[in-house]
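Have a look at the structure below, then the notes.
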Amino acid sequence: MAPISTTFTSFLFFFLLHHISVHSLTRPTGFTTDLIHREYSPLSPFYDPSHTKFDRLRNTIRRSISRLSKLSSSPNTIQSQITPIPGEYLMNVSIGSPPLHILSIADTGSDLTWTQCTPCTHCFKQNSPLFNPENSSTYVKVPCNSRPCAVVRTSTCSPNNYCAYKYSYGDKSFTQGDIAVDSFTFGSTSGRPVTIPSVIFGCGHANGGTFNEATSGIVGLGGGPLSIINQLEGSIKGKFSYCLVPLNEKSKTSKINFGSNAVVSGTGVVSTPLITKSPSTYYYVNLEKITVGDQTLEFKASSNSRKEGDVEGNIIIDSGTTLTLLPSDLYSGLVSKVKESVNENPIKDPNGLFGLCYSIGDNGEVQNLNLPNITFHFTGADVDLTAAETFLEVEEGLVCLTMVPSDEFAIFGNLSQMNFLVGYDLVKKQVSFKRTDCSRQ
């Protein structure tokens, strides 16, 4: 968009924000789009057909462990300028007028949506064209004296009074540029793309680190004020849900739903309150206990608390973290109960990533081990996981528990969420679970 005066830009910016609050009420209130697993889906540019399923799993788990570098740092870091390493799923989105297609990382652990932009003073290599603000008739920079600029944790004011940002990630990757507003168009499984006007995002002019050339940036699906979910509150009413297909279903694609399409209802739905904590990006819930078979383990208040009395919201639900992390004492108790239930001797993981593994022999059937169900008892919601959701074949003939100890944070990871419709309602402040065959969604 051609340069215009700061005064006129401020007027246009506030007009656009008013326009979206009115216009969004008349738009379709629900849509569904694909969530593409970066390692397993043939739709992903990262997909390598020469990799075995074990290669893909190792890559996925290593990234997941790296992602935790933010959450496992010092107590003060949780409120610093560092956000977690982005997660495992990709989304197709288009920005601007006319729209430019980009492939972005969909991340429930991030709020700010951003993409690489020209002019680029320092950018990672990108296969697709960079977004050029000059080519979009609906692109507007955000002025410093605006609420969106105030809620960006890392915002600064440029010499010409525009809002600038800088974000760092746990692996030293970074993005910095301008906070701006433009139209976003999302692909839809209905075949009719959905365009949302006036989305606030980061136009990154300096970006680097471990980002890959196949992607352009991040779609922030966190709980903070700048996330796509909260920005679209007027049209999607604070609702989104996803259904993650198991990793072995590579011919099927996971789905993410927004608005009326995201309602989780019917027989078997259980819901637990979302707990408001800082930072607001993460989706915190209360885990009261875990049942292994018919034996119960309590989540002790001291297990995962940084401060005395910090017992509310003791676990994070995260689609971008692969493994489930539990406090060491709870994890040790869980492992002991599983061992008591299985009449086989554990086998050591040769890669040293997992703490409990078993041989499944030549037939490859996990069921033959009689592994117990593991139930997570959240406040008001019991989520029962079968062996298919808690154990995974990590090497030929070797299955391992996909839960690991962590003395800093507890996270309910995406392997534990597969074949569940998981719905977030930020208005009702709850998350719901429904056992679902996600390959049929």
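Ligands are numbered from 1 in the order shown, residues from 1 within each chain, and chains are lettered A, B, ... in the order they appear in the structure tokens.
The protein and nucleic acid residues lying at most 7 Å from Val142 in chain A are Phe13, Val140, Cys144, Tyr162, Cys163, Ile179, Ala180 and Val181 of chain A, with only C-alpha atoms considered and sequence neighbours fewer than 2 positions away removed.
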**Q.** DSSP-assigned strand (DSSP E) members of range 60-286 of chain A, reported as a ChimeraX atom specification
**A.** /A:82-83,89-95,100-107,114-116,140-141,156-157,163-169,174-186,194-208,217-220,239-243,254-259,270-273,283-285
Q.
Using Å and a single decimal, report how far CA of Ile256 in chain A sits from CA of Ile95 in chain A.
A. 18.9 Å
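In this structure, CA of Val151 in chain A sits 16.7 Å away from CA of Gly109 in chain A.
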Q.
Residues near Asp437 in chain A, anyone? I mean within 9 Å using only C-alpha atoms, not counting same-chain ones fewer than 4 positions away, as a list in words.
A. Cys243, Val245, Met418, Asn419, Phe420, Leu421 and Gln441 of chain A
Export of the given selection (C-alpha atoms) as a PDB file, in the first residue's frame:
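This is the output file selection09.pdb:
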```pdb
ATOM      1  CA  CYS A 243      -9.703 -33.409  15.480  1.00  0.00           C
ATOM      2  CA  VAL A 245      -5.914 -38.123  13.144  1.00  0.00           C
ATOM      3  CA  MET A 418      -5.681 -37.950  18.835  1.00  0.00           C
ATOM      4  CA  ASN A 419      -9.100 -39.348  17.911  1.00  0.00           C
ATOM      5  CA  PHE A 420     -10.767 -36.812  20.191  1.00  0.00           C
ATOM      6  CA  LEU A 421     -12.721 -33.794  19.056  1.00  0.00           C
ATOM      7  CA  GLN A 441     -14.240 -35.910   9.919  1.00  0.00           C
TER       8      GLN A 441
END
```
Q: Report the residues of range 30-247 of chain A whose backbone DSSP state falls under alpha helix (DSSP H), written as a list in words.
A: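 Matching residues, listed in order: Lys53, Phe54, Asp55, Arg56, Leu57, Arg58, Asn59, Thr60, Ile61, Arg62, Arg63, Ser64, Ile65, Ser66, Arg67, Arg147, Pro148, Cys149, Ala150, Val151, Ile228, Ile229, Asn230, Gln231, Glu233, Gly234, Ser235 and Ile236 of chain A.
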Q: Quick one: pull the distance between CA of Ser183 in chain A and CA of Asn207 in chain A, Å, one decimal.
A: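 Computed distance, CA of Ser183 in chain A to CA of Asn207 in chain A, equals 21.9 Å.
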(Q) Just checking: using only C-alpha atoms, which residue out of A:Gly293, A:Pro246, A:Gly191, A:Gly234 ends up closest to Leu415 in chain A? (A)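 Counting only C-alpha atoms, the residue closest to Leu415 in chain A is A:Pro246.
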